[in-house]
file entry.cif (mmCIF, C-alpha atoms, pLDDT in the B column; chains and numbers go by the auth columns)
data_coords
loop_
_atom_site.group_PDB
_atom_site.id
_atom_site.type_symbol
_atom_site.label_atom_id
_atom_site.label_comp_id
_atom_site.label_asym_id
_atom_site.label_seq_id
_atom_site.Cartn_x
_atom_site.Cartn_y
_atom_site.Cartn_z
_atom_site.B_iso_or_equiv
_atom_site.auth_seq_id
_atom_site.auth_asym_id
ATOM 1 C CA MET A 1 -47.438 -56.098 -17.101 91.00 1 N
ATOM 2 C CA ILE A 2 -47.386 -53.129 -14.719 92.00 2 N
ATOM 3 C CA LEU A 3 -44.314 -50.900 -14.853 91.00 3 N
ATOM 4 C CA GLU A 4 -43.399 -48.636 -11.938 91.00 4 N
ATOM 5 C CA ALA A 5 -42.893 -45.145 -13.305 96.00 5 N
ATOM 6 C CA LEU A 6 -43.349 -41.457 -12.616 98.00 6 N
ATOM 7 C CA ILE A 7 -45.977 -39.386 -14.404 98.00 7 N
ATOM 8 C CA THR A 8 -45.895 -35.638 -14.841 98.00 8 N
ATOM 9 C CA THR A 9 -49.135 -33.830 -15.617 98.00 9 N
ATOM 10 C CA THR A 10 -49.916 -30.131 -15.785 98.00 10 N
ATOM 11 C CA ASN A 11 -51.794 -28.386 -12.974 97.00 11 N
ATOM 12 C CA ARG A 12 -54.424 -25.766 -13.859 97.00 12 N
ATOM 13 C CA ASP A 13 -51.904 -23.003 -13.103 97.00 13 N
ATOM 14 C CA GLY A 14 -49.471 -24.512 -15.655 96.00 14 N
ATOM 15 C CA SER A 15 -47.068 -25.915 -13.065 97.00 15 N
ATOM 16 C CA PRO A 16 -45.922 -29.548 -13.153 98.00 16 N
ATOM 17 C CA HIS A 17 -47.395 -32.255 -10.918 98.00 17 N
ATOM 18 C CA LEU A 18 -45.433 -35.465 -10.273 98.00 18 N
ATOM 19 C CA ALA A 19 -46.834 -38.785 -9.086 97.00 19 N
ATOM 20 C CA PRO A 20 -45.753 -42.405 -9.101 96.00 20 N
ATOM 21 C CA MET A 21 -47.977 -44.585 -11.199 94.00 21 N
ATOM 22 C CA GLY A 22 -47.887 -48.082 -12.596 93.00 22 N
ATOM 23 C CA PRO A 23 -49.026 -47.997 -16.217 96.00 23 N
ATOM 24 C CA GLN A 24 -50.291 -51.290 -17.543 95.00 24 N
ATOM 25 C CA LEU A 25 -48.406 -52.310 -20.659 92.00 25 N
ATOM 26 C CA ASP A 26 -49.131 -54.867 -23.344 87.00 26 N
ATOM 27 C CA SER A 27 -46.297 -55.985 -25.642 85.00 27 N
ATOM 28 C CA ALA A 28 -48.827 -56.375 -28.453 86.00 28 N
ATOM 29 C CA THR A 29 -49.502 -52.616 -28.399 88.00 29 N
ATOM 30 C CA PRO A 30 -46.151 -50.981 -27.522 88.00 30 N
ATOM 31 C CA ARG A 31 -47.307 -47.410 -28.345 95.00 31 N
ATOM 32 C CA GLN A 32 -50.228 -47.600 -25.930 96.00 32 N
ATOM 33 C CA PHE A 33 -50.680 -48.093 -22.195 97.00 33 N
ATOM 34 C CA LEU A 34 -53.384 -47.954 -19.560 97.00 34 N
ATOM 35 C CA LEU A 35 -53.333 -45.679 -16.504 97.00 35 N
ATOM 36 C CA LYS A 36 -55.613 -46.450 -13.570 95.00 36 N
ATOM 37 C CA PRO A 37 -55.595 -43.425 -11.257 94.00 37 N
ATOM 38 C CA PHE A 38 -58.107 -42.960 -8.445 89.00 38 N
ATOM 39 C CA LEU A 39 -60.940 -40.512 -9.125 90.00 39 N
ATOM 40 C CA THR A 40 -59.696 -38.372 -6.240 89.00 40 N
ATOM 41 C CA SER A 41 -56.088 -38.110 -7.474 93.00 41 N
ATOM 42 C CA GLN A 42 -54.512 -34.909 -8.756 96.00 42 N
ATOM 43 C CA THR A 43 -53.168 -36.873 -11.732 97.00 43 N
ATOM 44 C CA TYR A 44 -56.724 -37.802 -12.750 96.00 44 N
ATOM 45 C CA GLN A 45 -57.969 -34.236 -12.282 97.00 45 N
ATOM 46 C CA ASN A 46 -55.083 -32.846 -14.331 98.00 46 N
ATOM 47 C CA LEU A 47 -55.541 -35.349 -17.164 98.00 47 N
ATOM 48 C CA CYS A 48 -59.260 -34.555 -17.325 97.00 48 N
ATOM 49 C CA HIS A 49 -58.471 -30.851 -17.644 97.00 49 N
ATOM 50 C CA HIS A 50 -55.546 -31.355 -20.018 97.00 50 N
ATOM 51 C CA PRO A 51 -55.289 -34.940 -21.426 98.00 51 N
ATOM 52 C CA GLU A 52 -51.527 -34.965 -22.028 98.00 52 N
ATOM 53 C CA GLY A 53 -48.590 -35.954 -19.844 98.00 53 N
ATOM 54 C CA VAL A 54 -45.182 -37.550 -19.659 98.00 54 N
ATOM 55 C CA LEU A 55 -44.307 -41.017 -18.369 98.00 55 N
ATOM 56 C CA HIS A 56 -40.764 -41.358 -16.959 98.00 56 N
ATOM 57 C CA ILE A 57 -38.634 -44.422 -16.413 95.00 57 N
ATOM 58 C CA THR A 58 -36.109 -43.757 -13.668 94.00 58 N
ATOM 59 C CA ASP A 59 -33.666 -45.592 -11.442 92.00 59 N
ATOM 60 C CA ASP A 60 -34.068 -42.939 -8.714 93.00 60 N
ATOM 61 C CA ALA A 61 -36.023 -44.922 -6.106 92.00 61 N
ATOM 62 C CA ALA A 62 -35.698 -42.069 -3.591 93.00 62 N
ATOM 63 C CA LEU A 63 -37.555 -39.736 -5.987 96.00 63 N
ATOM 64 C CA ILE A 64 -40.272 -42.352 -6.400 95.00 64 N
ATOM 65 C CA ALA A 65 -40.543 -42.540 -2.589 95.00 65 N
ATOM 66 C CA ARG A 66 -40.731 -38.752 -2.208 96.00 66 N
ATOM 67 C CA SER A 67 -43.358 -38.448 -4.926 96.00 67 N
ATOM 68 C CA ALA A 68 -45.443 -41.247 -3.384 95.00 68 N
ATOM 69 C CA ILE A 69 -46.025 -39.107 -0.293 96.00 69 N
ATOM 70 C CA GLY A 70 -46.179 -35.755 -2.080 93.00 70 N
ATOM 71 C CA MET A 71 -42.838 -34.540 -0.710 94.00 71 N
ATOM 72 C CA MET A 72 -41.900 -32.447 -3.722 93.00 72 N
ATOM 73 C CA ASP A 73 -40.114 -29.495 -2.151 92.00 73 N
ATOM 74 C CA PRO A 74 -37.862 -28.868 -3.899 93.00 74 N
ATOM 75 C CA PHE A 75 -39.473 -30.045 -7.099 96.00 75 N
ATOM 76 C CA PRO A 76 -37.006 -31.967 -9.290 97.00 76 N
ATOM 77 C CA PRO A 77 -35.704 -30.093 -12.353 97.00 77 N
ATOM 78 C CA VAL A 78 -37.974 -30.268 -15.415 98.00 78 N
ATOM 79 C CA ARG A 79 -38.064 -28.888 -18.929 98.00 79 N
ATOM 80 C CA PRO A 80 -40.957 -28.510 -21.396 98.00 80 N
ATOM 81 C CA ALA A 81 -41.933 -31.631 -23.339 98.00 81 N
ATOM 82 C CA SER A 82 -41.401 -31.796 -27.111 97.00 82 N
ATOM 83 C CA LEU A 83 -44.825 -32.711 -28.561 98.00 83 N
ATOM 84 C CA VAL A 84 -47.285 -32.345 -25.680 98.00 84 N
ATOM 85 C CA ARG A 85 -47.930 -29.523 -23.265 95.00 85 N
ATOM 86 C CA GLY A 86 -46.185 -31.116 -20.313 97.00 86 N
ATOM 87 C CA TRP A 87 -42.997 -31.551 -18.323 98.00 87 N
ATOM 88 C CA VAL A 88 -39.982 -33.853 -18.666 98.00 88 N
ATOM 89 C CA LEU A 89 -37.843 -34.707 -15.642 98.00 89 N
ATOM 90 C CA THR A 90 -34.301 -33.736 -16.622 96.00 90 N
ATOM 91 C CA ASP A 91 -32.809 -36.680 -14.700 95.00 91 N
ATOM 92 C CA CYS A 92 -34.608 -39.742 -16.006 96.00 92 N
ATOM 93 C CA CYS A 93 -33.530 -42.715 -18.056 96.00 93 N
ATOM 94 C CA ARG A 94 -36.322 -42.463 -20.611 96.00 94 N
ATOM 95 C CA HIS A 95 -39.473 -40.442 -21.094 98.00 95 N
ATOM 96 C CA GLN A 96 -42.587 -41.003 -23.178 97.00 96 N
ATOM 97 C CA GLU A 97 -44.928 -38.156 -23.982 98.00 97 N
ATOM 98 C CA PHE A 98 -48.551 -39.286 -24.212 98.00 98 N
ATOM 99 C CA ARG A 99 -52.113 -38.257 -24.912 98.00 99 N
ATOM 100 C CA VAL A 100 -55.193 -39.743 -23.276 98.00 100 N
ATOM 101 C CA THR A 101 -57.383 -41.227 -26.002 98.00 101 N
ATOM 102 C CA HIS A 102 -60.265 -42.693 -23.970 97.00 102 N
ATOM 103 C CA VAL A 103 -61.497 -42.480 -20.364 97.00 103 N
ATOM 104 C CA ASP A 104 -63.737 -44.942 -18.524 96.00 104 N
ATOM 105 C CA ALA A 105 -64.609 -43.449 -15.112 90.00 105 N
ATOM 106 C CA ALA A 106 -67.286 -45.974 -14.125 88.00 106 N
ATOM 107 C CA GLU A 107 -65.234 -47.325 -11.179 84.00 107 N
ATOM 108 C CA PRO A 108 -63.070 -45.770 -8.409 78.00 108 N
ATOM 109 C CA ARG A 109 -59.965 -46.728 -10.411 87.00 109 N
ATOM 110 C CA VAL A 110 -60.456 -44.837 -13.645 94.00 110 N
ATOM 111 C CA ARG A 111 -59.206 -46.459 -16.841 97.00 111 N
ATOM 112 C CA MET A 112 -57.349 -43.951 -19.019 97.00 112 N
ATOM 113 C CA HIS A 113 -56.162 -45.306 -22.358 97.00 113 N
ATOM 114 C CA CYS A 114 -53.062 -43.479 -23.527 98.00 114 N
ATOM 115 C CA GLU A 115 -51.108 -43.259 -26.760 98.00 115 N
ATOM 116 C CA ILE A 116 -47.383 -42.506 -26.825 97.00 116 N
ATOM 117 C CA VAL A 117 -46.634 -39.685 -29.262 98.00 117 N
ATOM 118 C CA HIS A 118 -42.920 -39.170 -28.541 98.00 118 N
ATOM 119 C CA SER A 119 -40.227 -41.172 -26.754 97.00 119 N
ATOM 120 C CA THR A 120 -36.619 -40.338 -25.892 96.00 120 N
ATOM 121 C CA THR A 121 -33.879 -42.275 -24.105 96.00 121 N
ATOM 122 C CA HIS A 122 -31.604 -40.004 -22.067 96.00 122 N
ATOM 123 C CA ARG A 123 -29.224 -42.452 -20.396 94.00 123 N
ATOM 124 C CA ASP A 124 -28.837 -46.114 -19.576 92.00 124 N
ATOM 125 C CA PHE A 125 -31.006 -47.527 -16.815 88.00 125 N
ATOM 126 C CA TRP A 126 -28.483 -48.167 -14.049 80.00 126 N
ATOM 127 C CA GLY A 127 -30.757 -50.736 -12.438 76.00 127 N
ATOM 128 C CA PHE A 128 -32.155 -51.558 -9.050 77.00 128 N
ATOM 129 C CA ASN A 129 -30.336 -53.290 -6.233 90.00 129 N
ATOM 130 C CA ARG A 130 -32.220 -54.862 -3.322 94.00 130 N
ATOM 131 C CA ALA A 131 -32.367 -51.540 -1.441 95.00 131 N
ATOM 132 C CA LYS A 132 -33.940 -49.736 -4.408 94.00 132 N
ATOM 133 C CA HIS A 133 -36.518 -52.534 -4.756 94.00 133 N
ATOM 134 C CA ALA A 134 -37.233 -52.352 -1.016 96.00 134 N
ATOM 135 C CA LEU A 135 -37.657 -48.585 -1.216 96.00 135 N
ATOM 136 C CA LEU A 136 -40.016 -48.966 -4.167 95.00 136 N
ATOM 137 C CA GLU A 137 -42.130 -51.453 -2.192 96.00 137 N
ATOM 138 C CA ALA A 138 -42.142 -49.136 0.835 97.00 138 N
ATOM 139 C CA ALA A 139 -43.278 -46.240 -1.381 96.00 139 N
ATOM 140 C CA ILE A 140 -46.140 -48.319 -2.791 95.00 140 N
ATOM 141 C CA LEU A 141 -47.195 -49.250 0.751 97.00 141 N
ATOM 142 C CA ALA A 142 -47.187 -45.547 1.686 96.00 142 N
ATOM 143 C CA THR A 143 -49.765 -44.917 -1.036 93.00 143 N
ATOM 144 C CA ARG A 144 -51.954 -47.679 0.406 93.00 144 N
ATOM 145 C CA LEU A 145 -52.156 -46.477 4.027 94.00 145 N
ATOM 146 C CA HIS A 146 -55.830 -45.656 3.515 90.00 146 N
ATOM 147 C CA LEU A 147 -56.454 -49.280 2.452 91.00 147 N
ATOM 148 C CA LEU A 148 -54.176 -51.362 4.721 95.00 148 N
ATOM 149 C CA PRO A 149 -53.931 -51.766 8.502 95.00 149 N
ATOM 150 C CA THR A 150 -51.128 -49.532 9.808 96.00 150 N
ATOM 151 C CA GLU A 151 -49.674 -52.427 11.812 96.00 151 N
ATOM 152 C CA ASP A 152 -49.255 -54.494 8.641 97.00 152 N
ATOM 153 C CA VAL A 153 -47.432 -51.651 6.906 97.00 153 N
ATOM 154 C CA GLU A 154 -45.182 -51.153 9.949 97.00 154 N
ATOM 155 C CA ALA A 155 -44.283 -54.858 9.941 98.00 155 N
ATOM 156 C CA GLU A 156 -43.371 -54.685 6.248 98.00 156 N
ATOM 157 C CA TYR A 157 -41.330 -51.520 6.828 98.00 157 N
ATOM 158 C CA HIS A 158 -39.268 -53.316 9.481 98.00 158 N
ATOM 159 C CA LYS A 159 -38.414 -56.052 6.957 98.00 159 N
ATOM 160 C CA LEU A 160 -37.675 -53.539 4.204 98.00 160 N
ATOM 161 C CA ARG A 161 -35.474 -51.438 6.516 98.00 161 N
ATOM 162 C CA VAL A 162 -33.152 -54.436 7.015 98.00 162 N
ATOM 163 C CA ILE A 163 -32.678 -54.720 3.248 97.00 163 N
ATOM 164 C CA VAL A 164 -32.048 -50.986 2.859 97.00 164 N
ATOM 165 C CA ASP A 165 -29.520 -51.043 5.719 97.00 165 N
ATOM 166 C CA LYS A 166 -27.646 -53.989 4.173 97.00 166 N
ATOM 167 C CA THR A 167 -27.570 -52.933 0.516 96.00 167 N
ATOM 168 C CA GLY A 168 -28.494 -49.254 0.216 95.00 168 N
ATOM 169 C CA GLY A 169 -26.498 -46.107 -0.302 94.00 169 N
ATOM 170 C CA PRO A 170 -27.187 -42.633 1.104 95.00 170 N
ATOM 171 C CA ALA A 171 -30.121 -41.927 -1.265 94.00 171 N
ATOM 172 C CA GLU A 172 -31.898 -45.167 -0.334 95.00 172 N
ATOM 173 C CA GLN A 173 -31.225 -44.580 3.374 96.00 173 N
ATOM 174 C CA GLU A 174 -32.695 -41.080 3.147 95.00 174 N
ATOM 175 C CA GLY A 175 -35.695 -42.303 1.132 96.00 175 N
ATOM 176 C CA MET A 176 -36.488 -45.010 3.691 97.00 176 N
ATOM 177 C CA HIS A 177 -36.131 -42.528 6.541 97.00 177 N
ATOM 178 C CA ILE A 178 -38.585 -40.147 4.815 96.00 178 N
ATOM 179 C CA LEU A 179 -41.133 -42.961 4.395 97.00 179 N
ATOM 180 C CA GLU A 180 -40.705 -44.133 7.994 97.00 180 N
ATOM 181 C CA ASP A 181 -41.336 -40.574 9.217 97.00 181 N
ATOM 182 C CA TYR A 182 -44.423 -40.405 7.012 97.00 182 N
ATOM 183 C CA LEU A 183 -45.711 -43.669 8.484 97.00 183 N
ATOM 184 C CA ALA A 184 -45.066 -42.405 12.036 96.00 184 N
ATOM 185 C CA ARG A 185 -47.057 -39.219 11.286 95.00 185 N
ATOM 186 C CA HIS A 186 -49.851 -41.329 9.812 95.00 186 N
ATOM 187 C CA ARG A 187 -49.945 -43.462 12.970 92.00 187 N
ATOM 188 C CA ALA A 188 -50.104 -40.303 15.081 92.00 188 N
ATOM 189 C CA GLY A 189 -52.977 -39.036 12.924 87.00 189 N
ATOM 190 C CA GLY A 190 -51.102 -36.241 11.183 64.00 190 N
ATOM 191 C CA ALA A 191 -50.503 -37.535 7.637 60.00 191 N
ATOM 192 C CA ALA A 192 -51.932 -39.496 4.734 53.00 192 N
#

call {"tool": "encode", "arguments": {"input": "entry.cif", "output": "structure tokens"}}
result
Amino acid sequence: MILEALITTTNRDGSPHLAPMGPQLDSATPRQFLLKPFLTSQTYQNLCHHPEGVLHITDDAALIARSAIGMMDPFPPVRPASLVRGWVLTDCCRHQEFRVTHVDAAEPRVRMHCEIVHSTTHRDFWGFNRAKHALLEAAILATRLHLLPTEDVEAEYHKLRVIVDKTGGPAEQEGMHILEDYLARHRAGGAA
């Protein structure tokens, strides 16, 4: 199973880096997961330099959308992790501090085996409504603009916008607007 989450890693200057990532989970090994970042990603570079990070479970779909396109100004509030040198988002439902135990970089999607060394639940997971799911899908599409025809992504965005308009609140509306602007800049040749 792939879980949509946010990962914080540590940049070389010690600052936090945030990226959406779908760790692959196996119920048979609940203290382990697999990350599959691209070789070119900052997350991969950071984990090679310092093989520790924090996986976050959140119900903030707008933050996932912003992180998908690297729109991190202002950066969300963080605090130091407990057992790893890393960063915990202060507004998340749950976080899991991890260490990379093995790396297989033979393919463009690196396989990083990770072990959870500390886990904390901060608050209940409020859940996703249709707008939050739509925003999550739009964010994933934004990370695939280099792989998919722009026209196909635009068509999906039109469908997802209807869902956000019908069932979303202000945060989901803003998140969708940010992603639509990003797509428009990509089409014009100025983003992604």

call {"tool": "resolve_selection", "arguments": {"input": "entry.cif", "expression": "the PyMOL selection byres ((chain N and resi 45-56) around 8)", "output": "number ranges by chain"}}
result
N: 5-12, 39-44, 57-58, 81, 84-89, 92-100

call {"tool": "axis_aligned_box", "arguments": {"input": "entry.cif", "around": "region 86-105 of chain N", "padding_each_side": "3 Å", "output": "lines of an AutoDock Vina configuration file"}}
result
center_x = -48.7
center_y = -38.0
center_z = -20.4
size_x = 37.8
size_y = 19.8
size_z = 17.3

call {"tool": "residues_near_point", "arguments": {"input": "entry.cif", "point": "(-47.8, -42.3, -1.9)", "cutoff": "12 Å", "atoms": "all atoms listed in the file", "output": "CSV table (one decimal) with C-alpha atoms, keeping the file's coordinate frame"}}
result
chain,number,residue,atom,x,y,z
N,6,LEU,CA,-43.3,-41.5,-12.6
N,18,LEU,CA,-45.4,-35.5,-10.3
N,19,ALA,CA,-46.8,-38.8,-9.1
N,20,PRO,CA,-45.8,-42.4,-9.1
N,21,MET,CA,-48.0,-44.6,-11.2
N,41,SER,CA,-56.1,-38.1,-7.5
N,63,LEU,CA,-37.6,-39.7,-6.0
N,64,ILE,CA,-40.3,-42.4,-6.4
N,65,ALA,CA,-40.5,-42.5,-2.6
N,66,ARG,CA,-40.7,-38.8,-2.2
N,67,SER,CA,-43.4,-38.4,-4.9
N,68,ALA,CA,-45.4,-41.2,-3.4
N,69,ILE,CA,-46.0,-39.1,-0.3
N,70,GLY,CA,-46.2,-35.8,-2.1
N,71,MET,CA,-42.8,-34.5,-0.7
N,72,MET,CA,-41.9,-32.4,-3.7
N,135,LEU,CA,-37.7,-48.6,-1.2
N,136,LEU,CA,-40.0,-49.0,-4.2
N,137,GLU,CA,-42.1,-51.5,-2.2
N,138,ALA,CA,-42.1,-49.1,0.8
N,139,ALA,CA,-43.3,-46.2,-1.4
N,140,ILE,CA,-46.1,-48.3,-2.8
N,141,LEU,CA,-47.2,-49.2,0.8
N,142,ALA,CA,-47.2,-45.5,1.7
N,143,THR,CA,-49.8,-44.9,-1.0
N,144,ARG,CA,-52.0,-47.7,0.4
N,145,LEU,CA,-52.2,-46.5,4.0
N,146,HIS,CA,-55.8,-45.7,3.5
N,147,LEU,CA,-56.5,-49.3,2.5
N,178,ILE,CA,-38.6,-40.1,4.8
N,179,LEU,CA,-41.1,-43.0,4.4
N,182,TYR,CA,-44.4,-40.4,7.0
N,183,LEU,CA,-45.7,-43.7,8.5
N,186,HIS,CA,-49.9,-41.3,9.8
N,191,ALA,CA,-50.5,-37.5,7.6
N,192,ALA,CA,-51.9,-39.5,4.7

call {"tool": "resolve_selection", "arguments": {"input": "entry.cif", "expression": "the PyMOL selection byres ((chain N and resi 160) around 9)", "output": "MDAnalysis selection string"}}
result
chainID N and resid 131 134:135 137:138 155:159 161:165 176

call {"tool": "atom_distance", "arguments": {"input": "entry.cif", "atom1": "CA of Pro170 (chain N)", "atom2": "CA of Pro23 (chain N)"}}
result
28.4 Å

call {"tool": "atom_distance", "arguments": {"input": "entry.cif", "atom1": "CA of Ala61 (chain N)", "atom2": "CA of Leu35 (chain N)"}}
result
20.2 Å

call {"tool": "atom_distance", "arguments": {"input": "entry.cif", "atom1": "CA of Gly175 (chain N)", "atom2": "CA of Arg187 (chain N)"}}
result
18.6 Å

call {"tool": "resolve_selection", "arguments": {"input": "entry.cif", "expression": "the PyMOL selection byres ((chain N and resi 36) around 8)", "output": "PyMOL selection string"}}
result
chain N and resi 22-23+34-35+37-38+109-112

call {"tool": "write_last_selection", "arguments": {"input": "entry.cif", "atoms": "C-alpha atoms", "output": "CSV table (one decimal), keeping the file's coordinate frame"}}
result
chain,number,residue,atom,x,y,z
N,22,GLY,CA,-47.9,-48.1,-12.6
N,23,PRO,CA,-49.0,-48.0,-16.2
N,34,LEU,CA,-53.4,-48.0,-19.6
N,35,LEU,CA,-53.3,-45.7,-16.5
N,37,PRO,CA,-55.6,-43.4,-11.3
N,38,PHE,CA,-58.1,-43.0,-8.4
N,109,ARG,CA,-60.0,-46.7,-10.4
N,110,VAL,CA,-60.5,-44.8,-13.6
N,111,ARG,CA,-59.2,-46.5,-16.8
N,112,MET,CA,-57.3,-44.0,-19.0

call {"tool": "closest_residue", "arguments": {"input": "entry.cif", "among": "N:Gln32, N:Asp60, N:Ala105, N:His113", "to": "Trp126 (chain N)", "atoms": "all atoms listed in the file"}}
result
N:Asp60

call {"tool": "closest_residue", "arguments": {"input": "entry.cif", "among": "N:Ala28, N:Val103, N:Ala62, N:Ile116", "to": "Leu83 (chain N)", "atoms": "only C-alpha atoms"}}
result
N:Ile116

call {"tool": "decode", "arguments": {"input": "entry.cif", "residues": "region 116-127 of chain N", "atoms": "N, CA and C atoms", "output": "PDB file, in the first residue's frame"}}
result
ATOM      1  N   ILE N 116      11.506   2.849  11.122  1.00  0.00           N
ATOM      2  CA  ILE N 116      10.937   3.832  12.042  1.00  0.00           C
ATOM      3  C   ILE N 116      11.583   3.636  13.408  1.00  0.00           C
ATOM      4  N   VAL N 117      12.107   4.744  13.964  1.00  0.00           N
ATOM      5  CA  VAL N 117      12.769   4.666  15.268  1.00  0.00           C
ATOM      6  C   VAL N 117      11.977   5.380  16.357  1.00  0.00           C
ATOM      7  N   HIS N 118      10.992   6.188  15.960  1.00  0.00           N
ATOM      8  CA  HIS N 118      10.164   6.902  16.939  1.00  0.00           C
ATOM      9  C   HIS N 118       8.885   7.344  16.247  1.00  0.00           C
ATOM     10  N   SER N 119       7.765   7.215  16.947  1.00  0.00           N
ATOM     11  CA  SER N 119       6.468   7.599  16.383  1.00  0.00           C
ATOM     12  C   SER N 119       5.635   8.284  17.453  1.00  0.00           C
ATOM     13  N   THR N 120       4.961   9.368  17.065  1.00  0.00           N
ATOM     14  CA  THR N 120       4.104  10.103  17.995  1.00  0.00           C
ATOM     15  C   THR N 120       2.824  10.524  17.290  1.00  0.00           C
ATOM     16  N   THR N 121       1.693  10.345  17.974  1.00  0.00           N
ATOM     17  CA  THR N 121       0.414  10.864  17.487  1.00  0.00           C
ATOM     18  C   THR N 121       0.150  12.184  18.194  1.00  0.00           C
ATOM     19  N   HIS N 122      -0.156  13.216  17.406  1.00  0.00           N
ATOM     20  CA  HIS N 122      -0.372  14.559  17.953  1.00  0.00           C
ATOM     21  C   HIS N 122      -1.847  14.904  18.095  1.00  0.00           C
ATOM     22  N   ARG N 123      -2.652  14.463  17.139  1.00  0.00           N
ATOM     23  CA  ARG N 123      -4.085  14.751  17.162  1.00  0.00           C
ATOM     24  C   ARG N 123      -4.782  13.762  16.241  1.00  0.00           C
ATOM     25  N   ASP N 124      -6.097  13.689  16.382  1.00  0.00           N
ATOM     26  CA  ASP N 124      -6.865  12.808  15.512  1.00  0.00           C
ATOM     27  C   ASP N 124      -6.759  13.270  14.064  1.00  0.00           C
ATOM     28  N   PHE N 125      -6.799  12.315  13.162  1.00  0.00           N
ATOM     29  CA  PHE N 125      -6.855  12.607  11.734  1.00  0.00           C
ATOM     30  C   PHE N 125      -8.285  13.022  11.434  1.00  0.00           C
ATOM     31  N   TRP N 126      -8.475  14.267  11.053  1.00  0.00           N
ATOM     32  CA  TRP N 126      -9.827  14.778  10.797  1.00  0.00           C
ATOM     33  C   TRP N 126     -10.462  14.062   9.625  1.00  0.00           C
ATOM     34  N   GLY N 127      -9.665  13.761   8.605  1.00  0.00           N
ATOM     35  CA  GLY N 127     -10.165  13.039   7.446  1.00  0.00           C
ATOM     36  C   GLY N 127     -10.158  13.890   6.198  1.00  0.00           C
TER      37      GLY N 127
END
